[in-house]
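**Q** Before I ask anything, here is the structure I am working with.
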Amino acid sequence: MFRVCALVVAMLVSRPAVAEDTDPRQEVSTRRRVVAVLAAIGPGFLLRGTGSFLVRERRTARRLAATAAIGLGGMAVGGLPVGLSRGNPYTIVPGVPLLVAGAGLFFTTWWADIAIAAGIESPGTARAAPPWSLELGTVWLHDGYRERGLVRTAGRLELGRIGVGASALLDSEGDSREGEVELRVRIRGAAATGAPIRSGNRLAARIAIRHRRDDADRVTVATGEAELIGRLDFGDIDPVLGGTFAELSTGLGLERASYADDHDYGSLLLSTFTWGAYLGDRGEATVFYDNRRDSLAGGLAAWRAAGFVGSFGAAVDVLVAPRWAVRGQVEVGSAWVTTAVLRYQGGRR
Amino acid sequence: MTRASVLLLVMACTRPSEERAIEELGVGTASISGASIEVAEGLAAVRTLADHQLELWCGAPALAFSLSVDAGAAGEWTIVARNSLPDANLTIGSVAYAREPGDRSTVATFRLSLAAGTHSVRIAPPDADRAEPFRVAAMADIQTALPEVDDVFEAISAVPDARFVIAMGDLTERGTIEEYELFERQLVTLEIPFYTTLGNHELWGPADRFYSRFGRASFHFTFKGAAFTFADTGDAGIDPLVEQWIDGWIAQSIDQPHVFLSHFPPIDPVGARYGGFRSSRDGHRLLARLAEGNVDLTLYGHLHTFIEFENAGIPAFISGGGGADPMLGDGIDRHFLVIDVDAATGTPIQNVAVQRVD
């Protein structure tokens with residue numbers, strides 16, 4: 001599925017081979033690279049591919065530009081009905097998921113262009129999920145109201161195409177506790193062997209239930225959610241982008257919030273986009289956007305767009321020993337959430 | 001570049017409205033050589049304190065303030081209370097001062113002689129403390145419709161027995177001085193006072209433009225036995241300081257009918273739209289407090305439509321019908337709410353009716 005999508009994108013954006021595409025790479029001076037990075041960050045936000053173009057990766061520049069244009073198209077198709085109708089509920093789905101998916105392509109190609117301009121090449125390859133894993137971590141929450149230290153524990157087990165996972169997050173002072181149980185079905189992608197794989201492309205469906213009790217806030221929230229999560233190796237769009245990837249997810253949830261004497265039902269829209277680079281075959285580094293507002297991070301106080309924006313974050317997940325991995329993550333929304341996790345990965349390689 | 005850095009810092013800040021909350025604490029106080037004023041609970045903006053002259057913009061139907069004058073400032077004073085109830089009068093102790101004739105209904109001018117010393121002054125209608133039925137109007141989200149909002153004000157003025165308007169913010173589109181001036185000119189068509197919090201659109205300009213004209217954005221008052229709490233949610237959240245004030249106001253009014261107003265709903269009833277607080281955990285926490293505080297009615301704006309629902313068991317209305325670009329396909333454009341309150345009965349919120357303007 002993803003290979004087909006990647007091929008379609010590649011066909012859309014490629015031109016017949018010309019000399020510039022087949023020239024061996026030329027050395028790029030440091031000065032040119034600095035200019036390229038600045039151009040990629042600035043005008044490159046709108047003129048996608050500027051950074052790649054300036055470091056003479058013209059084919060990559062074109063393909064990034066075309067992919068970003070597809071993203072912009074998705075943003076327009078999804079966002080315009082929502083904006084023009086002033087948020088009529090009938091436009092929210094599929095409008096907002098399309099908007100976020102489009103934004104995902106738009107932003108991840110921006111970050112990819114900056115990386116190409118900076119000369120960041122990832123010779124890395126993906127690694128399949130481990131057959132099973134157990135993790136223990138700590139989460140530090142800083143928001144306007146309080147500081148909280150939480151303990152996180154989680155486990156996963158992959159059984160063929162089915163993966164089950166459970167996690168718990170406990171406040172060290174006992175003020176809050178939350179748990180999640182999820183089930184994933186691998187639709188496309190490599191089996192969970194824990195071994196390095198040639199392609200990280202994958203598609204999975206996920207359903208989960210969550211339960212959270214906050215004694216300090218005097219609220220209990222239960223959530224049921226379903227989403228699709230897909231990853232596309234950017235190397236399938238252009239070889240220069242090899243070792244990097246984008247991940248998009250979207251779904252819906254139902255929420256029940258219980259108060260002292262009453263409860264409310266509500267809905268959730270789940271949408272994320274991630275850009276990442278494989279770190280050799282030992283893990284990956286990512287930057288991501290999460291549109292949900294019920295997480296610890298909530299949404300950014302995005303000045304004039306306050307309320308419309310979710311959270312941004314960055315994470316590194318890497319094997320530090322054959323069976324041991326660590327994950328560090330910082331997420332910024334209405335709160336800062338810092339996570340550090342140690343994970344044991346079991347099963348065959 | 002500097003602007004971008006500041007923007008990034010603001011975005012990453014976990015208390016974007018902290019400075020505003022602190023700034024609100026200064027509302028209602030002023031001093032000049034020989035005279036000073038302190039309005040209780042900051043319920044009025046002091047627009048002018050000059051030689052024997054005081055001009056206030058009232059943020060509540062009944063307000064109290066202490067006015068201190070020394071020997072040099074003693075004598076004849078003119079006190080102008082803008083945005084006051086048409087039947088409000090001024091009392092100092094047991095002495096009542098009638099308003100000067102000929103003013104607009106919401107502009108009360110009093111002339112009185114003040115001796116040196118501190119005077120406890122109250123401006124309120126005679127029935128302010130009597131628990132009896134009364135009626136108010138509620139609205140939000142005027143924004144680009146400022147030039148024609150006088151239609152809405154005329155319709156509200158025609159509502160029989162409405163005492164004042166309570167509003168949920170977004171008076172302006174960009175928070176410019178010109179918009180605030182136009183809003184005040186449009187208020188000429190409204191024959192009753194207009195008490196409001198601010199919305200996210202007021203924050204396109206400096207918030208002190210709002211405070212200096214209309215007073216606090218987070219405030220609380222009681223009228224005829226019913227409590228009204230307004231909260232600044234302009235950043236799609238509530239500052240912890242404001243949350244503390246709300247806790248106090250809830251505790252103070254636990255046995256009274258209580259109406260809570262904010263621009264953003266804590267939780268958008270169409271949750272997937274995310275038109276509420278930027279953190280739904282913060283929204284849930286606020287709702288839990290309102291429910292435990294026996295709040296009787298919650299009113300919100302921000303969404304340019306009309307929605308009736310319940311949050312945490314409290315009746316809730318989103319009424320963003322002040323004229324800002326309306327939601328399409330929802331079957332309603334400009335409108336306001338008419339709310340009947342009676343603190344003397346077991347059902348204090350007697351009725352909430354929608355009145356269409358278009």
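Chains: A, B, ... in order of the structure tokens. Residues: from 1 per chain. Ligands: from 1, in order shown.
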Could you give me the residues within region 18-70 of chain A that DSSP places in alpha helix (DSSP H), as number ranges by chain?
**A** A: 19-22, 30-41, 50-54, 58-70
**Q** Enumerate as a ChimeraX atom specification all residues of region 72-293 of chain B assigned to strand (DSSP E or B) by DSSP on the backbone, naming them with the chain letters and numbers the document uses.
**A** /B:75-82,89-92,95-97,107-114,117-124,133-139,162-167,194-196,219-223,226-231,258-262
**Q** With the cut-off set at 8 Å and counting only C-alpha atoms, tabulate each residue of chain B with an atom at most that distance from an atom of chain A, showing the nearest atom pair and its distance in Å to one decimal, ordered by chain and increasing number, as a tab-separated table.
**A**
```
residue	atom	partner	partner_atom	distance
B:Leu7	CA	A:Trp303	CA	7.5
B:Val10	CA	A:Trp303	CA	7.1
B:Met11	CA	A:Ala302	CA	5.0
B:Ala12	CA	A:Val332	CA	6.5
B:Cys13	CA	A:Ala301	CA	7.4
B:Thr14	CA	A:Gly144	CA	5.0
B:Arg15	CA	A:Gly144	CA	5.3
B:Pro16	CA	A:Ala301	CA	6.8
B:Asn200	CA	A:Arg304	CA	7.0
B:His201	CA	A:Arg304	CA	7.6
B:Leu203	CA	A:Arg304	CA	7.6
B:Trp204	CA	A:Arg304	CA	6.8
B:Asp235	CA	A:Ala306	CA	5.4
B:Ala236	CA	A:Gly307	CA	5.2
B:Asp239	CA	A:Gly144	CA	7.2
B:Pro240	CA	A:Tyr145	CA	5.7
B:Pro269	CA	A:Gly266	CA	6.6
B:Val270	CA	A:Ser267	CA	6.6
B:Gly271	CA	A:Ser267	CA	4.5
B:Ala272	CA	A:Leu268	CA	4.5
B:Arg273	CA	A:Ile92	CA	6.1
B:Tyr274	CA	A:Phe308	CA	6.8
B:Gly275	CA	A:Gly307	CA	6.4
B:Gly276	CA	A:Gly307	CA	6.5
B:Phe277	CA	A:Gly307	CA	6.0
B:Arg278	CA	A:Gly307	CA	4.5
B:Ser279	CA	A:Gly298	CA	4.2
B:Ser280	CA	A:Asp294	CA	5.1
B:Arg281	CA	A:Asp294	CA	5.9
B:His284	CA	A:Val219	CA	6.8
B:Arg285	CA	A:Asp217	CA	5.0
B:Ala288	CA	A:Tyr259	CA	5.7
B:Ala291	CA	A:Ala260	CA	7.7
B:Glu292	CA	A:Ala260	CA	7.1
B:Leu303	CA	A:Gly87	CA	7.7
B:His304	CA	A:Arg86	CA	7.2
B:Glu310	CA	A:Asp264	CA	7.8
B:Asn311	CA	A:Asp264	CA	6.4
B:Ala312	CA	A:Asp262	CA	5.6
B:Gly313	CA	A:Asp262	CA	5.5
B:Asp325	CA	A:Arg86	CA	7.4
B:Pro326	CA	A:Arg86	CA	6.7
B:Met327	CA	A:Arg86	CA	4.6
B:Leu328	CA	A:Ser85	CA	4.7
B:Gly329	CA	A:Asn88	CA	7.1
B:Asp330	CA	A:Asn88	CA	7.2
```
**Q** Which residues, written as number ranges by chain, have at least one atom at most 9 Å from region 153-170 of chain A, with only C-alpha atoms counted and residues fewer than 4 positions away on the same chain left out?
**A** A: 129-139, 149, 174-187, 191-192, 341, 343
**Q** Quick one: everything within 9 Å of region 208-211 of chain B, counting only C-alpha atoms, minus sequence neighbours fewer than 5 positions away in the same chain. Send it as an NGL selection string.
**A** :B and (20 or 23-24 or 27 or 45 or 175-177 or 180 or 198 or 202 or 216-217)
**Q** Write the residues of the preceding selection, restricted to C-alpha atoms, as a PDB file, in the first residue's frame.
**A**
```pdb
ATOM      1  CA  ARG B  20      -3.029  39.507  32.525  1.00  0.00           C
ATOM      2  CA  GLU B  23      -2.633  43.183  35.744  1.00  0.00           C
ATOM      3  CA  GLU B  24      -6.310  42.738  36.613  1.00  0.00           C
ATOM      4  CA  VAL B  27      -8.078  47.549  38.018  1.00  0.00           C
ATOM      5  CA  ALA B  45     -12.437  50.820  35.609  1.00  0.00           C
ATOM      6  CA  GLY B 175      -8.578  44.521  19.663  1.00  0.00           C
ATOM      7  CA  THR B 176      -7.762  47.878  18.062  1.00  0.00           C
ATOM      8  CA  ILE B 177      -8.458  51.211  19.716  1.00  0.00           C
ATOM      9  CA  TYR B 180     -13.131  49.682  21.117  1.00  0.00           C
ATOM     10  CA  LEU B 198     -12.779  39.234  27.074  1.00  0.00           C
ATOM     11  CA  GLU B 202      -9.401  41.059  22.271  1.00  0.00           C
ATOM     12  CA  ARG B 216     -11.517  43.291  34.828  1.00  0.00           C
ATOM     13  CA  ALA B 217     -12.061  40.279  32.604  1.00  0.00           C
TER      14      ALA B 217
END
```
**Q** Do you know which residues are at most 12 Å from Leu67 (chain B) counting only C-alpha atoms, after dropping those on the same chain fewer than 3 positions away, and could you put them as a PyMOL selection string?
**A** chain B and resi 28-32+34-40+46+49+52-54+64+70+73-74+77+79+92+114-122
**Q** Which residues come within 9 Å of region 257-264 of chain B, counting only C-alpha atoms, excluding same-chain residues fewer than 3 positions away, as a PyMOL selection string?
**A** (chain A and resi 307) or (chain B and resi 140-141+166-170+196-200+218+222+225-237+250+253-254+267-268+275-277+290+293-303+341-343+347-349)
**Q** What's around Glu148 (chain B) at 10 Å? Count only C-alpha atoms, leave out sequence neighbours fewer than 5 positions away in its own chain, and write the answer as a PyMOL selection string.
**A** chain B and resi 142+153+186+322-323
**Q** For CA of Val34 (chain A) and CA of Arg56 (chain A), quote the distance in Å rounded to one decimal.
**A** 13.6 Å
**Q** CA of Gln329 (chain A) and CA of Ser199 (chain A), how far apart in Å?
**A**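 Separation between CA of Ser199 (chain A) and CA of Gln329 (chain A): 24.1 Å.
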**Q** Which distance in Å separates CA of Gly235 (chain A) and CA of Ala190 (chain A), to one decimal?
**A**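 CA of Ala190 (chain A) lies 16.6 Å from CA of Gly235 (chain A).
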